[in-house]
Amino acid sequence: MYKKDNHLTKVRDFNLILKHGIWYNGRFLSLRVLELAKNEQYFPPTADVDKFKKQLKLAINVGLKVSKKAVIRNRAKRQIREVIRLIMQTDGIKEGYYLFFVAKPEVKEKEYAEISEEVKLLLQRAKVLK
RNA sequence: CGUUUACAGUGGAUGAUCGUCCCUGACCUAGUCAGGGGAGGAAAGUCCGAACACUUUCUUUGAAAAAAGAAAAAAGGCAGUGGGUAACACCCACCGGUUUGGCGGCAACGUCAAACAAGGGAAAGCGGCACAGAGACAAUACUAUCCCAGAGCAAUUUGGGAGAAAGGUGAAAAGAAUAUGGAAGUUCUGACUCUAGAACAGAGCUACCAUAUACCGACCGUUGUGAGACGGUCUGGUGCCAAGCCCUGCCUGGGUGCAAGAGCAGCCUAUGAGAGAGACAUAGGAAAAGUUCGCUCGCUUGAUUUUGGCAGUAAUGCCAAAACUAGAUAAAUGAUCGUCACGUCUUGCUAAACACAAGACGUACAGAAUUCGGCUUAUAACUGUAAACUCAUC
RNA sequence: GGAGAGGUGUCUGAGUGGUCGAAAGUGCCGCUCUCGAAAAGCGGUAGGUCAGCGAUGGCCUCGUGGGUUCGACUCCCACCCUCUCCG
């Protein structure tokens with residue numbers, strides 16, 4: 001299920017994924033993935049390693065460049081999040097990853113069905129889907 | 001009847017499945033379940049005004065902690081009057097002005113209605129008024145005019161002088177408003193065959209004087225809370241620009257803005273990594289302090305909302321009763337699929353239209369971030385008011 | 001969320017309310033120099049729209065729209081866009 005624990009919030013985590021993650025680019029979305037099992041040396045020292053490895057955290061970024069209107073940006077974020085939620089509900093995604101979605105300006109003209117397709121395609125290419 | 005524009009108001013309803021934030025409750029408590037609540041008129045721009053918080057300097061009180069009060073100058077803002085307000089550059093009412101329209105009038109103008117953010121002072125001083133033009137403010141003679149002297153047969157021309165009444169230039173042209181009467185002086189005519197011609201008469205022009213008017217100023221009277229209105233007096237004044245400096249009156253005026261600020265919690269130092277940070281990595285030391293991306297508070301009960309009554313032309317105020325109506329923080333209030341409603345288009349029915357039926361498309365602007373009061377800007381569709389236009393009928 | 005700065009030819013960037021469509025550089029075009037090029041020197045050159053065969057001329061435009069003024073890139077008001085800071 002998609003809970004608040006799955007939010008990527010800490011600046012440390014963002015630095016980690018931006019520094020060591022791998023890019024996957026789509027037509028109107030980009031995805032950056034960090035496989036936690038391969039990056040144990042960067043973990044915070046206080047954390048429980050086994051528990052840390054089983055995390056699944058994601059962030060969605062829709063910048064001002066997409067649109068200056070908050071309504072459009074928020075709608076894009078909600079639609080992407082809804083796709084992820086539905087995938088997680090059917091338990092279709094692996095654990096132990098940090099995911100970071102970045103929207104491109106073209107996203108504002110897309111329908112929900114197109115966004116859904118794009119997100120699934122990117123996840124498949126990143127080999128995160130079960 | 002319709003269309004367009006401006007202003008004001010409203011700002012689609014409902015069902016299913018899967019979710020999200022807050023509050024309350026229950027339980028077998030890393031959670032699960034149930035119930036309740038969850039964007040706006042602009043939440044926007046951040047253009048004004050406040051509340052609130054911390055803080056600077058000074059004063060007073062105090063043993064201290066702290067509390068209360070003040071903050072000049074610089075600078076900035078507002079400009080008709082009265083009222084409203086916590087406050088405002090906002091709102092209400094009125095005064096004056098301008099514009100448009102109707103009516104009356106030859107006209108000037110009067111009166112009625114509507115609209116208007118840009119409504120103190122040019123009579124304190126400084127500055128500006130390009131180009132053109134003679135001259136743009138203790139100014140000035142280019143053309144034309146008049147007088148004197150000289151040249152020439154003459155037309156004309158050279159020099160000196162007079163006058164601001166003509167022309168032309170310009171946005172604006174001179175006591176920078178206007179009219180009437182008189183007028184020193186000057187010119188012309190009476191004036192003759194030619195030249196001169198005192199006095200007198202008539203006519204033209206002007207300095208200047210007088211009177212009246214317009215606006216302004218000062219003063220007086222009546223009236224209105226007041227801006228003003230009406231009337232009167234005078235050794236009074238008269239270009240434009242203050243969204244140029246400025247003057248006058250009033251207001252603000254130490255600073256920073258909820259990333260204000262308070263508490264809790266977390267040890268410190270060095271090196272490395274890095275855009276950068278003491279927080280990430282590595283190593284060392286040791287209980288005090290600094291600082292901070294964590295957590296909690298600030299954070300929603302308030303210049304609040306609704307209803308009723310009273311006061312007031314109104315803005316608004318007072319009284320009473322009832323209500324609690326988002327508090328997120330990589331940031332909730334949603335996604336998908338239906339049904340209905342409204343609008344537009346197409347098709348069918350029809351001679352055509354209405355109505356009806358079916359289908360397609362559309363349903364705006366836009367998302368709380370400390371909280372209020374305004375202003376400004378955006379806005380589908382519907383409703384109302386006003387104006388303009390088109391068509392039809394009388 | 002809060003606090004500020006700016007917008008002028010293709011680009012960079014000056015510009016007291018007045019002869020300003022606007023200095024200068026850059027870019028582009030032409031000429032000189034050269035066997036040819038570069039460098040250097042000289043000259044020209046913004047856009048839109050309308051009229052005209054053309055040469056050329058009219059009108060509009062300094063982010064946009066109003067206002068003040070005889071006159072606005074400049075002064076005042078509103079809006080749009082870009083950038084910076086609050087680590």
# chains A, B, ... in the order shown; residues from 1 in each chain; ligands from 1
call {"tool": "closest_atom_pairs", "arguments": {"of": "chain B", "to": "chain A", "cutoff": "9 Å", "atoms": "only C-alpha atoms (C1' of nucleotides)", "output": "JSON lines"}}
result
{"residue": "B:C18", "atom": "C1'", "partner": "A:Leu86", "partner_atom": "CA", "distance": 8.4}
{"residue": "B:G19", "atom": "C1'", "partner": "A:Arg85", "partner_atom": "CA", "distance": 8.4}
{"residue": "B:C280", "atom": "C1'", "partner": "A:Arg12", "partner_atom": "CA", "distance": 7.3}
{"residue": "B:A281", "atom": "C1'", "partner": "A:Tyr42", "partner_atom": "CA", "distance": 7.8}
{"residue": "B:C293", "atom": "C1'", "partner": "A:Val11", "partner_atom": "CA", "distance": 7.2}
{"residue": "B:A330", "atom": "C1'", "partner": "A:Thr9", "partner_atom": "CA", "distance": 5.6}
{"residue": "B:G334", "atom": "C1'", "partner": "A:Arg78", "partner_atom": "CA", "distance": 7.1}
{"residue": "B:A335", "atom": "C1'", "partner": "A:Glu82", "partner_atom": "CA", "distance": 6.4}
{"residue": "B:A366", "atom": "C1'", "partner": "A:Val71", "partner_atom": "CA", "distance": 7.1}
{"residue": "B:G367", "atom": "C1'", "partner": "A:Val71", "partner_atom": "CA", "distance": 6.0}
call {"tool": "select_by_dssp", "arguments": {"residues": "segment 49-98 of chain A", "states": "strand (DSSP E)", "output": "PyMOL selection string"}}
result
chain A and resi 56-61+97-98
call {"tool": "atom_distance", "arguments": {"atom1": "atom C1' of G1 of chain C", "atom2": "atom C1' of C258 of chain B"}}
result
9.0 Å
call {"tool": "residues_around", "arguments": {"residues": "C1 of chain B", "least_positions_apart": "4", "cutoff": "12 Å", "atoms": "only C-alpha atoms (C1' of nucleotides)", "output": "ChimeraX atom specification"}}
result
/B:390-393
call {"tool": "atom_distance", "arguments": {"atom1": "atom C1' of A260 of chain B", "atom2": "atom C1' of U370 of chain B"}}
result
9.4 Å
call {"tool": "residues_around", "arguments": {"residues": "segment 25-29 of chain C", "least_positions_apart": "5", "cutoff": "8 Å", "atoms": "only C-alpha atoms (C1' of nucleotides)", "output": "compact mmCIF listing (two decimals) with C-alpha atoms (C1' of nucleotides), in the first residue's frame"}}
result
# COMPACT_ATOMS: atom_id res chain seq x y z
C1' U C 10 20.16 39.64 -34.18
C1' C C 11 23.06 39.95 -29.51
C1' U C 12 25.56 43.18 -25.68
C1' G C 44 25.64 50.68 -45.27
C1' U C 45 22.18 47.84 -42.25
call {"tool": "residues_around", "arguments": {"residues": "Ser30 of chain A", "least_positions_apart": "2", "cutoff": "10 Å", "atoms": "only C-alpha atoms (C1' of nucleotides)", "output": "PDB file with N, CA and C atoms, in the first residue's frame"}}
result
ATOM      1  N   TRP A  23      19.647   7.093 -14.612  1.00  0.00           N
ATOM      2  CA  TRP A  23      18.552   7.756 -15.329  1.00  0.00           C
ATOM      3  C   TRP A  23      17.869   6.820 -16.325  1.00  0.00           C
ATOM      4  N   TYR A  24      16.549   6.938 -16.396  1.00  0.00           N
ATOM      5  CA  TYR A  24      15.778   6.327 -17.486  1.00  0.00           C
ATOM      6  C   TYR A  24      14.868   7.416 -18.039  1.00  0.00           C
ATOM      7  N   ASN A  25      15.005   7.756 -19.327  1.00  0.00           N
ATOM      8  CA  ASN A  25      14.266   8.876 -19.899  1.00  0.00           C
ATOM      9  C   ASN A  25      13.116   8.402 -20.770  1.00  0.00           C
ATOM     10  N   GLY A  26      11.949   9.015 -20.584  1.00  0.00           N
ATOM     11  CA  GLY A  26      10.804   8.743 -21.440  1.00  0.00           C
ATOM     12  C   GLY A  26      10.473   9.960 -22.279  1.00  0.00           C
ATOM     13  N   ARG A  27       9.285   9.951 -22.893  1.00  0.00           N
ATOM     14  CA  ARG A  27       8.905  11.054 -23.775  1.00  0.00           C
ATOM     15  C   ARG A  27       8.559  12.311 -22.981  1.00  0.00           C
ATOM     16  N   PHE A  28       7.802  12.132 -21.916  1.00  0.00           N
ATOM     17  CA  PHE A  28       7.419  13.311 -21.122  1.00  0.00           C
ATOM     18  C   PHE A  28       7.623  13.083 -19.623  1.00  0.00           C
ATOM     19  N   ARG A  32      14.661   8.320 -12.093  1.00  0.00           N
ATOM     20  CA  ARG A  32      15.997   8.041 -11.567  1.00  0.00           C
ATOM     21  C   ARG A  32      15.822   6.977 -10.494  1.00  0.00           C
ATOM     22  N   ASN A  61       8.665  15.058  -8.963  1.00  0.00           N
ATOM     23  CA  ASN A  61       9.036  16.454  -9.115  1.00  0.00           C
ATOM     24  C   ASN A  61       8.381  17.018 -10.362  1.00  0.00           C
ATOM     25  N   PHE A 100      12.687   8.368  -8.308  1.00  0.00           N
ATOM     26  CA  PHE A 100      12.577   9.829  -8.395  1.00  0.00           C
ATOM     27  C   PHE A 100      12.062  10.194  -9.785  1.00  0.00           C
ATOM     28  N   PHE A 101      10.787  10.603  -9.851  1.00  0.00           N
ATOM     29  CA  PHE A 101      10.175  10.966 -11.141  1.00  0.00           C
ATOM     30  C   PHE A 101      10.330  12.471 -11.381  1.00  0.00           C
ATOM     31  N   VAL A 102      10.670  12.815 -12.615  1.00  0.00           N
ATOM     32  CA  VAL A 102      10.754  14.228 -12.997  1.00  0.00           C
ATOM     33  C   VAL A 102       9.868  14.421 -14.220  1.00  0.00           C
ATOM     34  N   ALA A 103       8.961  15.395 -14.159  1.00  0.00           N
ATOM     35  CA  ALA A 103       8.043  15.642 -15.273  1.00  0.00           C
ATOM     36  C   ALA A 103       8.645  16.660 -16.222  1.00  0.00           C
ATOM     37  N   LYS A 104       8.398  16.435 -17.511  1.00  0.00           N
ATOM     38  CA  LYS A 104       8.811  17.402 -18.530  1.00  0.00           C
ATOM     39  C   LYS A 104       7.593  18.242 -18.937  1.00  0.00           C
ATOM     40  N   GLU A 118       3.225   5.395 -19.668  1.00  0.00           N
ATOM     41  CA  GLU A 118       4.611   5.865 -19.603  1.00  0.00           C
ATOM     42  C   GLU A 118       5.287   5.414 -18.312  1.00  0.00           C
ATOM     43  N   VAL A 119       4.577   5.525 -17.189  1.00  0.00           N
ATOM     44  CA  VAL A 119       5.152   5.157 -15.897  1.00  0.00           C
ATOM     45  C   VAL A 119       5.467   3.673 -15.884  1.00  0.00           C
ATOM     46  N   LEU A 122       8.602   2.900 -17.956  1.00  0.00           N
ATOM     47  CA  LEU A 122       9.853   3.298 -17.309  1.00  0.00           C
ATOM     48  C   LEU A 122      10.225   2.322 -16.212  1.00  0.00           C
TER      49      LEU A 122
END
call {"tool": "residues_around", "arguments": {"residues": "G135 of chain B", "least_positions_apart": "2", "cutoff": "12 Å", "atoms": "only C-alpha atoms (C1' of nucleotides)", "output": "mmCIF file with N, CA and C atoms (P, O5', C5', C4', C3', O3' and C1' of nucleotides), in the first residue's frame"}}
result
data_model
loop_
_atom_site.group_PDB
_atom_site.id
_atom_site.type_symbol
_atom_site.label_atom_id
_atom_site.label_comp_id
_atom_site.auth_asym_id
_atom_site.auth_seq_id
_atom_site.Cartn_x
_atom_site.Cartn_y
_atom_site.Cartn_z
ATOM 1 P P G B 133 11.961 80.723 -38.336
ATOM 2 O "O5'" G B 133 11.131 81.769 -37.469
ATOM 3 C "C5'" G B 133 9.794 82.097 -37.837
ATOM 4 C "C4'" G B 133 9.130 82.867 -36.729
ATOM 5 C "C3'" G B 133 9.887 84.105 -36.248
ATOM 6 O "O3'" G B 133 9.653 85.225 -37.092
ATOM 7 C "C1'" G B 133 9.190 82.828 -34.393
ATOM 8 P P C B 137 11.321 83.365 -20.971
ATOM 9 O "O5'" C B 137 10.971 84.894 -20.804
ATOM 10 C "C5'" C B 137 11.885 85.787 -20.162
ATOM 11 C "C4'" C B 137 11.142 86.738 -19.256
ATOM 12 C "C3'" C B 137 10.777 86.156 -17.887
ATOM 13 O "O3'" C B 137 10.943 87.163 -16.898
ATOM 14 C "C1'" C B 137 8.825 86.860 -18.994
ATOM 15 P P A B 139 12.405 93.376 -19.540
ATOM 16 O "O5'" A B 139 12.441 92.388 -20.777
ATOM 17 C "C5'" A B 139 13.470 91.405 -20.918
ATOM 18 C "C4'" A B 139 13.251 90.653 -22.220
ATOM 19 C "C3'" A B 139 13.240 91.538 -23.468
ATOM 20 O "O3'" A B 139 14.534 91.743 -23.972
ATOM 21 C "C1'" A B 139 11.331 90.161 -23.446
ATOM 22 P P U B 140 14.892 93.112 -24.655
ATOM 23 O "O5'" U B 140 14.193 92.957 -26.072
ATOM 24 C "C5'" U B 140 14.610 91.928 -26.972
ATOM 25 C "C4'" U B 140 13.578 91.740 -28.059
ATOM 26 C "C3'" U B 140 13.318 92.942 -28.935
ATOM 27 O "O3'" U B 140 14.276 93.047 -29.975
ATOM 28 C "C1'" U B 140 11.261 91.998 -28.267
ATOM 29 P P A B 141 14.587 94.464 -30.619
ATOM 30 O "O5'" A B 141 13.454 94.534 -31.738
ATOM 31 C "C5'" A B 141 13.324 93.491 -32.702
ATOM 32 C "C4'" A B 141 12.582 93.982 -33.933
ATOM 33 C "C3'" A B 141 13.246 95.136 -34.676
ATOM 34 O "O3'" A B 141 13.096 94.947 -36.084
ATOM 35 C "C1'" A B 141 11.061 95.742 -34.087
ATOM 36 P P C B 142 14.370 94.417 -36.901
ATOM 37 O "O5'" C B 142 13.646 93.301 -37.785
ATOM 38 C "C5'" C B 142 14.411 92.475 -38.660
ATOM 39 C "C4'" C B 142 13.468 91.643 -39.503
ATOM 40 C "C3'" C B 142 12.444 92.432 -40.298
ATOM 41 O "O3'" C B 142 12.983 92.967 -41.496
ATOM 42 C "C1'" C B 142 11.385 90.620 -39.229
ATOM 43 P P A B 164 3.381 101.000 -27.421
ATOM 44 O "O5'" A B 164 2.980 99.719 -28.250
ATOM 45 C "C5'" A B 164 1.706 99.669 -28.893
ATOM 46 C "C4'" A B 164 1.437 98.291 -29.469
ATOM 47 C "C3'" A B 164 1.065 97.222 -28.449
ATOM 48 O "O3'" A B 164 0.101 96.347 -29.040
ATOM 49 C "C1'" A B 164 2.913 96.491 -29.669
ATOM 50 P P U B 169 1.912 81.065 -40.195
ATOM 51 O "O5'" U B 169 3.016 80.924 -39.059
ATOM 52 C "C5'" U B 169 4.368 80.612 -39.385
ATOM 53 C "C4'" U B 169 5.206 80.500 -38.135
ATOM 54 C "C3'" U B 169 4.659 79.568 -37.072
ATOM 55 O "O3'" U B 169 5.017 78.226 -37.353
ATOM 56 C "C1'" U B 169 5.380 81.596 -36.073
ATOM 57 P P G B 170 3.916 77.059 -37.269
ATOM 58 O "O5'" G B 170 3.807 76.836 -35.701
ATOM 59 C "C5'" G B 170 4.938 76.377 -34.950
ATOM 60 C "C4'" G B 170 4.799 76.765 -33.499
ATOM 61 C "C3'" G B 170 3.548 76.237 -32.809
ATOM 62 O "O3'" G B 170 3.698 74.894 -32.411
ATOM 63 C "C1'" G B 170 3.856 78.523 -32.287
ATOM 64 P P A B 173 -1.941 82.732 -27.732
ATOM 65 O "O5'" A B 173 -0.645 83.631 -27.533
ATOM 66 C "C5'" A B 173 -0.315 84.154 -26.255
ATOM 67 C "C4'" A B 173 0.401 85.481 -26.395
ATOM 68 C "C3'" A B 173 -0.233 86.469 -27.363
ATOM 69 O "O3'" A B 173 -0.136 87.776 -26.830
ATOM 70 C "C1'" A B 173 1.981 86.062 -28.018
ATOM 71 P P A B 174 -1.471 88.632 -26.584
ATOM 72 O "O5'" A B 174 -0.965 89.851 -25.690
ATOM 73 C "C5'" A B 174 -1.320 89.937 -24.328
ATOM 74 C "C4'" A B 174 -0.241 90.639 -23.542
ATOM 75 C "C3'" A B 174 0.235 91.952 -24.137
ATOM 76 O "O3'" A B 174 0.426 92.921 -23.118
ATOM 77 C "C1'" A B 174 2.059 90.492 -23.840
#
call {"tool": "atom_distance", "arguments": {"atom1": "atom C1' of A87 of chain B", "atom2": "atom C1' of U300 of chain B"}}
result
22.9 Å
